[in-house]
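Below: one structure, written as C-alpha cells.
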2 protein chains.
Amino acid sequence: MNEQESFAFGAEAGVPTRKASRRSPKKKKTRKTAAKRGGGAGRAPRARQSASELASKQRDISVSEFFAKNRHLLGFDNPSKALLTTVKEGVDNSLDACEEAGILPEIRVEIAQVDETRFRIAIEDNGPGIVKAQVPKIFGRLLYGSKFHRLRQSRGQQGIGISAAGMYGLLTTGKPVVITTRTGAKQDAHHFELVIDTQKNEPRVKVDKTVSWPRDHGTRVEIELEGNYRGGQHSVDNYIRQISLANPHAEITYVPPKAEEHGAEHIFPRVSDELPPDTDEIKPHPYGVELGVLMQMFRDTRSRNVRGCLVSDFSRVSGRIADEICKRAKVSNSRRPKEVTREEAEALHKAIAATKIMAPPTDCIAPIGNDLIGKALRAEVEAEFYASATRKPAVYRGNPFLIEVGLAYGGGLSADDAITLYRYANRVPLQYQQGACAVFKAVTGTDWKKYQMQQPRGALPVGPMLLMVHIASVWVPFTSESKEAIAQYPEIIKEIRLGLQECGRQVATHIRKKRRVADEAKKRAYIEKYIPQVAVGLQQILGFPDRERDKVVGNLTDVLERSRKM
Amino acid sequence: MNEQESFAFGAEAGVPTRKASRRSPKKKKTRKTAAKRGGGAGRAPRARQSASELASKQRDISVSEFFAKNRHLLGFDNPSKALLTTVKEGVDNSLDACEEAGILPEIRVEIAQVDETRFRIAIEDNGPGIVKAQVPKIFGRLLYGSKFHRLRQSRGQQGIGISAAGMYGLLTTGKPVVITTRTGAKQDAHHFELVIDTQKNEPRVKVDKTVSWPRDHGTRVEIELEGNYRGGQHSVDNYIRQISLANPHAEITYVPPKAEEHGAEHIFPRVSDELPPDTDEIKPHPYGVELGVLMQMFRDTRSRNVRGCLVSDFSRVSGRIADEICKRAKVSNSRRPKEVTREEAEALHKAIAATKIMAPPTDCIAPIGNDLIGKALRAEVEAEFYASATRKPAVYRGNPFLIEVGLAYGGGLSADDAITLYRYANRVPLQYQQGACAVFKAVTGTDWKKYQMQQPRGALPVGPMLLMVHIASVWVPFTSESKEAIAQYPEIIKEIRLGLQECGRQVATHIRKKRRVADEAKKRAYIEKYIPQVAVGLQQILGFPDRERDKVVGNLTDVLERSRKM
C-alpha cells in the first residue's frame with residue numbers, strides 16, 4: 001500500500017503550495033520616490049509591489065497548518081517534550097472521560113522504543129468509549145470537542161491536544177494514529193487508523209474495521225513519533241508520579257521503554273475509592289461578561305424580555321436583582337432583548353458592575369481537599385511538618401476558581417536550595433514554564449522572611465520545603481495552548497497569595513517553635529555543664545562535704561527542670 | 001441604528017449557544033459499579049454519561065471563538081497590554097506594507113482618550129493601500145493573510161494580529177473597526193466599518209462607502225477599546241521609542257492621549273533614507289524539512305522525478321547533491337515523486353541528513369547592521385563604550401536566521417542594578433515575557449564574570465550596561481501568538497551566546513583597561529604625594545639647599561612621568 005496517498009500537509013516551513021508557489025513578476029516602475037528606495041549591500045533595486053500584487057497573495061490559513069508550523073505552541077518544541085506532551089494529552093482525555101461517565105479510572109500508559117529516536121506511545125483506559133462516528137473528528141481535527149462551549153471543571157478544554165499529538169506523530173514519522181474503542185459489552189470494538197489533512201483540518205480515515213478486544217468499554221490510542229525519553233524534572237516518570245498524587249482515585253499502570261531495564265510495569269495503585277465529587281456546568285456570572293458578549297446574549301436569548309434574559313441566562317441573578325439592574329440602567333425590564341441598542345446594552349453592562357450580586361455557585365468546582373493533599377504530601381516526601389489550605393472559591397472574569405496550597409517542611413528536604421514547587425491545574429501537573437506562571441509570581445511575590453524563611457529578592461524562598469499549589473476552575477486561563485503556565489490574573493495571584501500566607505503562618509509557628517526549642521536546649525546544655533562547677537564553688541566557699549555538694553547539684557538540676565519546663 | 005444587529009459573538013466565557021444550551025437530562029442507571037461512584041461532600045450521586053451522551057456534545061470550535069476566550073494568548077491579557085498590543089499590530093502591518101511596496105514609511109499613531117477606561121487608537125500609513133475586496137477579510141477574519149505561506153522576513157507572519165485587535169475592541173466596546181484606505185491618486189478612497197462574527201470567523205461589513213481623503217495612497221485603521229494608558233517599561237511611549245530605534249528609515253509621529261499635557265505630537269524623524277535591503281522569499285532548506293512534509297512535497301510537486309523535485313523545490317540542492325541523496329537512500333532518482341512510498345521517503349529523509357548541503361542563502365535576511373546599531377545605541381544612551389556584533393546567518397529547523405548584538409557600557413548607566421536588556425525580532429521590540437525568551441536564556445547562561453561583570457547565579461549580569469539583541473529570520477519562532485518571546489531552539493541560543501561573547505570580549509578589554517588606568521592613577525597619586533617627602537629627606541641627609549631640593553622634586557617627577565607614560 002502506498003501510505004503517502006492517505007494524507008496531505010500544509011505549507012509547513014513555507015513549502016510553496018500551488019496557489020502561492022510563484023512570486024508575481026517584479027515590475028520595474030519609475031517613480032518619484034525611486035531615488036529613496038533601498039538597495040544597499042549591492043543587492044538588486046527593490047521592486048515595488050502594488051496593492052493588487054500584494055492582494056493576490058492574501059489567503060486563508062488552516063488552523064492545523066498554523067499549529068503544524070507553530071507546534072511549539074502546543075508543547076511539541078523538542079523530542080522529549082513532544083513525548084511528554086503526547087502522554088499528557090492522552091491521560092487527560094482518559095481521566096476526563098472516565099470521570100464524566102462515573103467510572104473509577106484504570107489507565108495504562110505504554111512507551112515502546114522503536115529505534116534510537118522513535119517511540120510508540122499507547123494510552124488505554126476503561127472509560128465509556130467513543131461513538132464510532134465521532135472518532136475521526138476527535139482524533140483528526142483541531143478545535144473539535146465537547147469541553148470548550150461549557151463552564152465546567154475538566155482537564156481538557158480546547159479540543160486540540162490529542163489531534164495535535166497525532167499530527168506531530170504524522171509529521172515526524174508519517175504514521176497514522178491508531179484508535180481502538182468500544183462503548184459496551186454488546187457493542188463491537190472499532191479499530192481506526194487515521195491521519196489529519198492539515199491543509200483542510202479534516203481527518204482522513206485509512207482503516208476502519210471491527211476487531212475483537214478484551215475490554216467491555218474503553219479506548220486505546222497509539223501514536224508513533226520522533227521523541228526522546230529522559231529522566232529529571234520534565235520526565236514522563238515524574239509526570240506519572242505527580243498526576244497519580246493529584247488523582248488518588250485513579251489506578252495508573254506505566255510501562256516505560258525497555259521495561260526489562262526499568263523494572264517492567266510500574267503500578268500506581270488507587271488510594272481512594274471515591275471519584276472526585278461531580279461538578280455541574282454553570283451559567284456565566286454577570287460580573288465576568290463583557291459588553292460584546294452581553295450584546296450577543298441579548299441577540300441569542302430565548303427570553304422575551306430583558307428581565308427574563310438576565311434571570312435565566314446568568315447565574316445568581318434573581319428577579320429582584322434583574323429589576324435593580326434595569327432600573328439603574330434606565331432600561332425597561334420588559335424591553336425585547338433583540339431590540340436592545342448598543343447604548344442600552346452599555347448602560348446595562350455598567351449597571352451590572354454597580355449592582356451587588358452574589359458570587360457564583362461553588363459546586364461547579366471540586367477541590368482535591370485538605371485531607372487528600374495531606375496524604376499526598378506525606379506519601380511524596382518525609383518531612384517534619386505539613387500544612388495545607390483550601391481557599392473558598394473566588395472569581396476571575398466571571399469564572400469561579402479555587403486555590404489549594406499544600407506544604408511540607410524539614411525532614412529529608414534540602415535546606416540549602418530553593419524550595420521545590422509543584423503546580424497543578426484541574427489536577428494536572430504543570431511541568432514547564434514555571435517562570436511565566438501565576439503560581440510562581442505569587443510565591444516569589446510573597447515575603448517569606450516574615451515566615452522565617454530565607455529569600456533572595458524576587459526569587460523562590462530557600463529552605464527545606466516542598467510547596468504544592470492547585471488551581472481548580474471551570475476555565476483555567478493558560479498562557480499557551482500547551483497549558484504549561486497559568487495566566488497572571490490579579491484575582492488568581494491574590495488567592496494564591498492568601499493560601500500561601502495561611503500555610504506560611506503555620507510553618508512560621510513551627511519554625512519559631514523549633515528554633516525556640518533549639519535555643520532552650522542550647523541554654524540548658526550550658527547550664528547543665530556549669531551546675532557541677534557552681535556546686536564545687538559553693539563547696540569551697542562553704543566547706544560542706546562531697547555528699548552535700550552532690551545534693552546541691554541535684555537541687556539545682558531540679559530547679560532548672562521545674563523553671564524551664566520543655 | 002441598532003448596532004447590535006451587526007455582529008455575532010461566540011460562546012465567550014461559556015455563554016450557552018443554541019446548539020449547546022441544555023445539558024442532556026441526567027439518566028439514573030443502576031449499574032454494577034454504582035457503589036464505586038463518587039458523591040462525597042453531600043452532593044447528589046453522579047449521573048453516568050454514556051458514550052452517546054458524551055458524543056452529542058462534541059462540536060466544532062471556531063478559531064475566533066477560541067481566541068476570544070483565550071485572548072491573553074494574543075496579548076490582550078489586561079487593559080494596558082491590550083492597548084499596547086493594538087498599537088503594535090497596527091504599526092507592524094504598516095511598516096511591512098510600506099517596505100513591501102518600496103515606500104519609505106511615514107507612520108502616524110494617535111491615541112485619544114474617550115473616557116476613563118476607553119481609548120480610540122488610530123494607525124495611519126503612507127503604504128500602498130489595500131484593494132477594496134480584501135479589506136473585510138484582512139480586518140475581520142483570523143488566520144487570513146499573505147505572510148504565513150512563505151519564507152520571507154517580515155514583522156507579521158500569522159494573519160491574526162489586527163483582526164484580533166478589532167475583535168477585542170468589539171468585545172469590550174461593541175464598536176466596529178473603521179478602515180480608510182486608498183491604493184493610488186486615481187483611485188477612490190474607501191471607508192469601511194466592520195465587525196467580526198466570532199461564531200463563524202467571518203467579517204460583517206456595516207458601512208462601505210467612498211470618501212475623500214487627502215492621502216494619495218495609504219491606510220488608516222481606527223479601533224476603540226477598553227484600555228489603560230500608563231508609563232514605564234511596558235508603555236506605548238517606550239515601544240514607540242524602541243521601534244523607532246530599530247527602524248531608522250521610518251518616520252513615526254506619535255500623538256499620545258491628552259496631547260496638551262504630554263506635549264502634543266512627538267515626531268521621531270527618519271535617520272536613514274535607505275529602506276532595509278530587499279529580502280527574497282526562499283525555498284525550504286532540506287535540513288529543516290520533516291518526514292511528513294517531505295512526503296507532502298513529493299505528492300504536490302510539479303517535477304516528474306525525485307531528482308527534479310529535490311532540485312527545484314528546495315534551496316541549495318544541485319543535481320549532483322540530488323543524485324547523492326538518491327543513491328544514499330537507494331531510491332532511483334528517476335522515480336515518479338507521487339509513487340514514493342513512506343518507507344522510501346524515510347530513506348530519502350535520512351539520506352538528506354547524512355549528505356553535506358550548503359547552508360541556506362542569506363540574502364533572505366536583512367540585518368540592521370553594525371553601523372546603524374551603533375548609531376541607535378549612541379542615540380539611546382550616553383555611555384563610555386559601545387560594541388556590536390552581527391553574526392553570520394545560521395539555521396534552525398531549516399530556517400535561516402541571523403543574530404545581532406549591541407552593547408553600551410558605562411557613562412550614565414546605573415552600576416548597581418541588573419543590566420537593561422532590549423530584545424528585537426525582525427525589528428519589532430519585544431516587551432513582555434522576558435523570562436521565557438531565548439535571548440534571556442542566552443544572556444543569563446553566559447558567564448559574565450569572564451567579561452569583568454558581576455553576575456548573580458542564573459540572573460542577568462549587574463553593571464552599567466545596556467544590551468540589545470536582534471533576531472532576524474524568515475520565520476521567527478515565537479512562544480505565543482502574541483509574539484512576546486522567542487522559543488528556545490538550541491541553535492538560536494547558541495548564536496545569541498556567540499554574539500554576546502564577541503561583544504563581551506570587547507567590553508572586557510575596555511573594563512580591564514579602565515581598571516588598569518584607574519590603578520595607575522591611584523599609584524601615581526601616591527607617588528606624587530611622597531616625592532616632596534623624599535626630597536626633604538634627601539635634603540636633610542645630604543644638607544643641600546632648598547633650591548636643590550626643588551630641583552630634585554622636579555627631576556623625580558620627570559622620571560615618574562617618563563617611566564609611567566599614560
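FYI, nothing fancy with the C-alpha cells labels: chains A, B, ... in order, residues from 1 per chain, ligands from 1 as they appear.
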
Could you pull out the strand (DSSP E) residues of region 343-505 of chain B, going by DSSP on the backbone, and write them as a CSV table (one decimal) with N, CA and C atoms, in the first residue's frame?
```csv
chain,number,residue,atom,x,y,z
B,385,PHE,N,31.5,53.3,26.3
B,385,PHE,CA,32.0,52.3,25.4
B,385,PHE,C,30.8,51.6,24.7
B,386,TYR,N,31.0,51.4,23.4
B,386,TYR,CA,29.9,50.8,22.6
B,386,TYR,C,30.6,49.6,21.8
B,387,ALA,N,29.8,48.5,21.7
B,387,ALA,CA,30.3,47.4,20.9
B,387,ALA,C,29.1,46.8,20.1
B,388,SER,N,29.3,46.2,19.0
B,388,SER,CA,28.2,45.5,18.3
B,388,SER,C,28.8,44.3,17.5
B,389,ALA,N,28.0,43.3,17.3
B,389,ALA,CA,28.4,42.2,16.6
B,389,ALA,C,27.2,41.7,15.7
B,390,THR,N,27.5,41.5,14.4
B,390,THR,CA,26.5,40.9,13.5
B,390,THR,C,27.0,39.5,13.1
B,394,ALA,N,22.6,31.7,10.4
B,394,ALA,CA,22.6,30.3,10.8
B,394,ALA,C,21.2,29.7,10.5
B,395,VAL,N,21.0,28.5,10.9
B,395,VAL,CA,19.8,27.8,10.5
B,395,VAL,C,19.2,27.0,11.7
B,396,TYR,N,17.9,27.2,12.0
B,396,TYR,CA,17.2,26.3,12.9
B,396,TYR,C,16.1,25.7,12.1
B,399,ASN,N,15.3,27.0,8.8
B,399,ASN,CA,15.0,28.4,8.6
B,399,ASN,C,16.3,29.2,8.9
B,400,PRO,N,16.7,30.0,7.9
B,400,PRO,CA,17.8,30.9,8.1
B,400,PRO,C,17.5,32.0,9.2
B,401,PHE,N,18.4,32.3,10.0
B,401,PHE,CA,18.2,33.4,10.9
B,401,PHE,C,19.6,34.0,11.2
B,402,LEU,N,19.5,35.2,11.8
B,402,LEU,CA,20.8,36.0,12.0
B,402,LEU,C,20.6,36.7,13.3
B,403,ILE,N,21.7,36.7,14.1
B,403,ILE,CA,21.7,37.4,15.4
B,403,ILE,C,22.6,38.6,15.3
B,404,GLU,N,22.1,39.7,15.9
B,404,GLU,CA,22.9,40.9,16.1
B,404,GLU,C,22.9,41.3,17.5
B,405,VAL,N,24.0,41.7,18.0
B,405,VAL,CA,24.1,42.1,19.4
B,405,VAL,C,24.7,43.5,19.5
B,406,GLY,N,24.1,44.4,20.3
B,406,GLY,CA,24.7,45.7,20.5
B,406,GLY,C,24.9,45.9,22.0
B,407,LEU,N,25.8,46.7,22.4
B,407,LEU,CA,26.1,46.9,23.8
B,407,LEU,C,26.6,48.3,24.1
B,408,ALA,N,26.1,48.9,25.1
B,408,ALA,CA,26.7,50.2,25.6
B,408,ALA,C,27.1,50.0,27.0
B,409,TYR,N,28.2,50.6,27.4
B,409,TYR,CA,28.7,50.3,28.8
B,409,TYR,C,29.2,51.6,29.4
B,420,THR,N,20.2,46.5,31.5
B,420,THR,CA,19.0,46.7,30.7
B,420,THR,C,19.1,45.8,29.4
B,421,LEU,N,18.0,45.0,29.2
B,421,LEU,CA,18.1,44.1,28.0
B,421,LEU,C,17.0,44.5,27.0
B,422,TYR,N,17.3,44.9,25.8
B,422,TYR,CA,16.4,45.2,24.8
B,422,TYR,C,16.3,44.0,23.8
B,423,ARG,N,15.2,43.4,23.6
B,423,ARG,CA,15.0,42.3,22.7
B,423,ARG,C,14.3,42.7,21.4
B,424,TYR,N,14.7,42.3,20.2
B,424,TYR,CA,14.0,42.6,19.0
B,424,TYR,C,13.9,41.4,18.1
B,425,ALA,N,12.8,41.2,17.4
B,425,ALA,CA,12.6,40.2,16.4
B,425,ALA,C,12.2,40.8,15.2
B,428,VAL,N,11.1,44.3,15.5
B,428,VAL,CA,10.0,44.7,16.4
B,428,VAL,C,10.5,44.4,17.9
B,429,PRO,N,10.3,45.5,18.7
B,429,PRO,CA,10.8,45.3,20.1
B,429,PRO,C,9.8,44.3,20.8
B,430,LEU,N,10.4,43.5,21.7
B,430,LEU,CA,9.6,42.5,22.5
B,430,LEU,C,9.6,43.1,23.9
B,465,MET,N,25.3,48.6,32.0
B,465,MET,CA,25.3,48.1,30.6
B,465,MET,C,23.9,48.1,30.0
B,466,LEU,N,23.8,48.4,28.7
B,466,LEU,CA,22.6,48.2,28.0
B,466,LEU,C,22.9,47.2,26.9
B,467,LEU,N,22.1,46.1,26.8
B,467,LEU,CA,22.3,45.1,25.8
B,467,LEU,C,21.1,45.1,24.9
B,468,MET,N,21.4,44.9,23.6
B,468,MET,CA,20.4,44.9,22.6
B,468,MET,C,20.6,43.6,21.7
B,469,VAL,N,19.6,42.8,21.7
B,469,VAL,CA,19.8,41.6,20.9
B,469,VAL,C,18.7,41.5,19.8
B,470,HIS,N,19.1,41.3,18.6
B,470,HIS,CA,18.1,41.3,17.5
B,470,HIS,C,18.2,40.0,16.7
B,471,ILE,N,17.0,39.3,16.6
B,471,ILE,CA,17.0,38.1,15.7
B,471,ILE,C,16.2,38.5,14.4
B,472,ALA,N,16.8,38.3,13.3
B,472,ALA,CA,16.1,38.5,12.0
B,472,ALA,C,16.0,37.1,11.4
B,473,SER,N,14.8,36.8,10.9
B,473,SER,CA,14.6,35.4,10.3
B,473,SER,C,13.4,35.4,9.4
```

*Could you find all residues in region 182-289 of chain B that DSSP calls alpha helix (DSSP H) from the backbone, and write them as a VMD selection string?*
chain B and resid 236 to 246 259 to 262

*Shell around region 125-129 of chain A at 10 Å using only C-alpha atoms, local window under 4 positions removed, as a PyMOL selection string*: (chain A and resi 90-91+93-109+135+180-184+189-190+215-221+252) or (chain B and resi 48-52+54-55)

*Contacts of Cys437 (chain B) at 7 Å or less, counting only C-alpha atoms, minus same-chain residues fewer than 4 places along, as a PyMOL selection string?*
chain B and resi 433+441+485-488

Write a file of the just-selected residues containing C-alpha atoms, as a compact mmCIF listing (two decimals), in the first residue's frame.
```
# COMPACT_ATOMS: atom_id res chain seq x y z
CA GLN B 433 7.77 37.62 28.84
CA LYS B 441 18.22 32.36 28.46
CA ALA B 485 9.30 35.83 23.42
CA ILE B 486 11.44 33.67 21.17
CA ALA B 487 11.29 29.91 21.53
CA GLN B 488 14.41 28.35 22.98
```

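The interatomic distance for the pair CA of Ala351 (chain B) and CA of Asp300 (chain B) works out to 20.7 Å.
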
*Kindly indicate which residue among B:Ala112, B:Val443, B:Glu484, B:Glu343 lies nearest to Ala264 (chain B), using only C-alpha atoms for the distances.*
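Residue with the minimum atom-to-atom distance to Ala264 (chain B): B:Ala112.
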
*What does the distance between CA of Arg307 (chain B) and CA of Ile282 (chain B) come to in Å, to one decimal place?*
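Going from CA of Arg307 (chain B) over to CA of Ile282 (chain B), I get 19.3 Å.
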
*Among the residues B:Lys449, B:Lys283, B:Lys350, B:Arg304, the one that comes closest to Arg335 (chain B) [using only C-alpha atoms]*: B:Arg304

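In this structure, CA of Ile492 (chain A) sits 8.6 Å away from CA of Val439 (chain A).
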
Which residues come within 9 Å of region 225-237 of chain B, counting only C-alpha atoms, excluding same-chain residues fewer than 4 positions away, as a JSON list (two decimals) with N, CA and C atoms, in the first residue's frame?
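See out-v2.json below for the written result:
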```
[["chain", "number", "residue", "atom", "x", "y", "z"],
["B", 78, "ASN", "N", -4.81, 42.24, 29.65],
["B", 78, "ASN", "CA", -5.32, 43.29, 30.52],
["B", 78, "ASN", "C", -5.37, 44.60, 29.74],
["B", 79, "PRO", "N", -6.05, 45.62, 30.31],
["B", 79, "PRO", "CA", -6.29, 46.84, 29.51],
["B", 79, "PRO", "C", -5.02, 47.53, 29.01],
["B", 80, "SER", "N", -3.96, 47.60, 29.82],
["B", 80, "SER", "CA", -2.79, 48.33, 29.31],
["B", 80, "SER", "C", -2.07, 47.54, 28.24],
["B", 81, "LYS", "N", -2.01, 46.22, 28.43],
["B", 81, "LYS", "CA", -1.36, 45.41, 27.41],
["B", 81, "LYS", "C", -2.19, 45.38, 26.13],
["B", 82, "ALA", "N", -3.51, 45.37, 26.27],
["B", 82, "ALA", "CA", -4.39, 45.36, 25.09],
["B", 82, "ALA", "C", -4.14, 46.61, 24.25],
["B", 83, "LEU", "N", -4.00, 47.73, 24.92],
["B", 83, "LEU", "CA", -3.75, 48.99, 24.20],
["B", 83, "LEU", "C", -2.42, 48.92, 23.46],
["B", 84, "LEU", "N", -1.39, 48.47, 24.15],
["B", 84, "LEU", "CA", -0.07, 48.37, 23.53],
["B", 84, "LEU", "C", -0.09, 47.39, 22.36],
["B", 87, "VAL", "N", -1.64, 48.86, 19.23],
["B", 87, "VAL", "CA", -0.72, 49.76, 18.54],
["B", 87, "VAL", "C", 0.34, 48.96, 17.78],
["B", 88, "LYS", "N", 0.92, 47.96, 18.45],
["B", 88, "LYS", "CA", 1.97, 47.15, 17.82],
["B", 88, "LYS", "C", 1.49, 46.47, 16.54],
["B", 113, "GLN", "N", -8.21, 59.58, 24.34],
["B", 113, "GLN", "CA", -8.92, 59.01, 25.48],
["B", 113, "GLN", "C", -10.40, 59.39, 25.37],
["B", 116, "GLU", "N", -12.73, 57.37, 30.97],
["B", 116, "GLU", "CA", -11.69, 56.93, 31.90],
["B", 116, "GLU", "C", -10.98, 55.64, 31.46],
["B", 117, "THR", "N", -11.76, 54.69, 30.94],
["B", 117, "THR", "CA", -11.16, 53.39, 30.61],
["B", 117, "THR", "C", -11.21, 53.08, 29.12],
["B", 118, "ARG", "N", -11.62, 54.07, 28.33],
["B", 118, "ARG", "CA", -11.82, 53.76, 26.92],
["B", 118, "ARG", "C", -10.97, 54.65, 26.03],
["B", 119, "PHE", "N", -10.35, 54.04, 25.03],
["B", 119, "PHE", "CA", -9.44, 54.76, 24.14],
["B", 119, "PHE", "C", -9.79, 54.47, 22.69],
["B", 120, "ARG", "N", -9.48, 55.44, 21.84],
["B", 120, "ARG", "CA", -9.65, 55.24, 20.41],
["B", 120, "ARG", "C", -8.26, 55.34, 19.79],
["B", 121, "ILE", "N", -7.85, 54.25, 19.17],
["B", 121, "ILE", "CA", -6.50, 54.18, 18.62],
["B", 121, "ILE", "C", -6.57, 54.26, 17.11],
["B", 165, "ALA", "N", -7.16, 42.48, 17.30],
["B", 165, "ALA", "CA", -7.30, 43.78, 17.96],
["B", 165, "ALA", "C", -8.71, 44.32, 17.74],
["B", 166, "GLY", "N", -9.20, 44.18, 16.51],
["B", 166, "GLY", "CA", -10.57, 44.60, 16.23],
["B", 166, "GLY", "C", -11.58, 43.80, 17.03],
["B", 168, "TYR", "N", -11.08, 42.40, 19.92],
["B", 168, "TYR", "CA", -11.01, 42.84, 21.32],
["B", 168, "TYR", "C", -11.78, 44.16, 21.50],
["B", 169, "GLY", "N", -11.62, 45.08, 20.54],
["B", 169, "GLY", "CA", -12.36, 46.34, 20.61],
["B", 169, "GLY", "C", -13.86, 46.10, 20.61],
["B", 170, "LEU", "N", -14.31, 45.25, 19.72],
["B", 170, "LEU", "CA", -15.73, 44.91, 19.63],
["B", 170, "LEU", "C", -16.23, 44.31, 20.93],
["B", 171, "LEU", "N", -15.44, 43.40, 21.47],
["B", 171, "LEU", "CA", -15.82, 42.68, 22.68],
["B", 171, "LEU", "C", -15.98, 43.63, 23.86],
["B", 172, "THR", "N", -15.11, 44.65, 23.92],
["B", 172, "THR", "CA", -15.12, 45.50, 25.11],
["B", 172, "THR", "C", -15.94, 46.76, 24.92],
["B", 173, "THR", "N", -16.17, 47.18, 23.68],
["B", 173, "THR", "CA", -16.92, 48.42, 23.49],
["B", 173, "THR", "C", -18.11, 48.27, 22.54],
["B", 174, "GLY", "N", -18.21, 47.15, 21.84],
["B", 174, "GLY", "CA", -19.29, 46.98, 20.88],
["B", 174, "GLY", "C", -19.10, 47.78, 19.60],
["B", 175, "LYS", "N", -17.98, 48.48, 19.49],
["B", 175, "LYS", "CA", -17.76, 49.36, 18.32],
["B", 175, "LYS", "C", -17.02, 48.63, 17.20],
["B", 241, "ARG", "N", 9.53, 54.49, 21.07],
["B", 241, "ARG", "CA", 10.95, 54.84, 21.05],
["B", 241, "ARG", "C", 11.79, 53.65, 20.56],
["B", 242, "GLN", "N", 11.46, 52.47, 21.07],
["B", 242, "GLN", "CA", 12.25, 51.30, 20.69],
["B", 242, "GLN", "C", 12.06, 50.92, 19.22],
["B", 254, "TYR", "N", 3.79, 60.45, 16.81],
["B", 254, "TYR", "CA", 3.03, 59.83, 17.89],
["B", 254, "TYR", "C", 2.23, 60.90, 18.63],
["B", 256, "PRO", "N", 0.06, 61.18, 21.77],
["B", 256, "PRO", "CA", -0.43, 60.48, 22.95],
["B", 256, "PRO", "C", -1.77, 61.05, 23.42],
["B", 257, "PRO", "N", -2.46, 60.35, 24.32],
["B", 257, "PRO", "CA", -3.70, 60.91, 24.84],
["B", 257, "PRO", "C", -3.39, 62.19, 25.60],
["B", 431, "GLN", "N", 8.43, 43.32, 24.46],
["B", 431, "GLN", "CA", 8.39, 43.99, 25.76],
["B", 431, "GLN", "C", 7.90, 43.12, 26.91],
["B", 432, "TYR", "N", 7.34, 41.95, 26.58],
["B", 432, "TYR", "CA", 6.81, 41.10, 27.65],
["B", 432, "TYR", "C", 7.52, 39.75, 27.65]]
```

*Could you pull the residues within 9 Å of Gly159 (chain A), counting only C-alpha atoms, minus those fewer than 3 positions along the same chain, as a ChimeraX atom specification?*
/A:138,141-148,156,162-163 /B:60-61

Could the residues in this selection be written to a file with N, CA and C atoms, as a tab-separated table (two decimals), in the first residue's frame?
```
chain	number	residue	atom	x	y	z
A	138	ILE	N	-12.60	13.59	16.50
A	138	ILE	CA	-11.93	13.79	17.79
A	138	ILE	C	-10.41	13.66	17.63
A	141	ARG	N	-8.99	16.30	13.88
A	141	ARG	CA	-9.42	17.67	13.59
A	141	ARG	C	-9.08	18.53	14.79
A	142	LEU	N	-8.38	19.63	14.57
A	142	LEU	CA	-8.09	20.55	15.67
A	142	LEU	C	-9.30	21.42	15.94
A	143	LEU	N	-9.44	21.89	17.18
A	143	LEU	CA	-10.60	22.71	17.58
A	143	LEU	C	-11.90	21.95	17.38
A	144	TYR	N	-11.96	20.76	17.93
A	144	TYR	CA	-13.20	19.99	17.93
A	144	TYR	C	-13.30	19.30	19.27
A	145	GLY	N	-14.41	19.49	19.96
A	145	GLY	CA	-14.54	18.83	21.25
A	145	GLY	C	-15.79	19.24	21.99
A	146	SER	N	-15.95	18.70	23.18
A	146	SER	CA	-17.18	18.93	23.95
A	146	SER	C	-16.94	19.88	25.12
A	147	LYS	N	-15.69	20.27	25.36
A	147	LYS	CA	-15.40	20.95	26.61
A	147	LYS	C	-15.24	22.46	26.48
A	148	PHE	N	-15.18	22.94	25.23
A	148	PHE	CA	-14.92	24.37	25.05
A	148	PHE	C	-16.14	25.22	25.36
A	156	GLY	N	-9.19	18.69	29.99
A	156	GLY	CA	-9.15	19.24	28.64
A	156	GLY	C	-10.11	20.39	28.54
A	162	ILE	N	-5.15	16.02	21.64
A	162	ILE	CA	-4.81	14.69	21.14
A	162	ILE	C	-4.67	14.70	19.62
A	163	SER	N	-5.45	15.54	18.94
A	163	SER	CA	-5.30	15.65	17.48
A	163	SER	C	-3.92	16.21	17.14
B	60	ASP	N	-17.71	21.66	16.71
B	60	ASP	CA	-16.60	22.49	16.23
B	60	ASP	C	-16.45	23.75	17.07
B	61	ILE	N	-15.22	24.21	17.14
B	61	ILE	CA	-14.91	25.46	17.83
B	61	ILE	C	-14.33	26.39	16.77
```

_Top pick for closest residue to chain B, considering A:Leu413, A:Val474, A:Val211, A:Val331 and counting only C-alpha atoms_ = A:Val474

List the spatial neighbours of Val559 (chain B) as a short mmCIF file (atom, residue, chain, number, x, y, z; two decimals) with C-alpha atoms, in the first residue's frame - criterion: any atom at most 12 Å away, only C-alpha atoms, same-chain residues fewer than 6 positions off excluded.
```
data_model
loop_
_atom_site.label_atom_id
_atom_site.label_comp_id
_atom_site.auth_asym_id
_atom_site.auth_seq_id
_atom_site.Cartn_x
_atom_site.Cartn_y
_atom_site.Cartn_z
CA ARG B 524 50.75 57.81 40.63
CA ILE B 527 53.99 58.60 44.47
CA GLU B 528 53.34 62.24 43.67
CA ILE B 531 58.04 62.87 46.11
CA VAL B 552 65.13 67.02 43.00
CA VAL B 553 61.32 67.17 43.15
CA LYS B 565 53.52 57.18 30.34
#
```
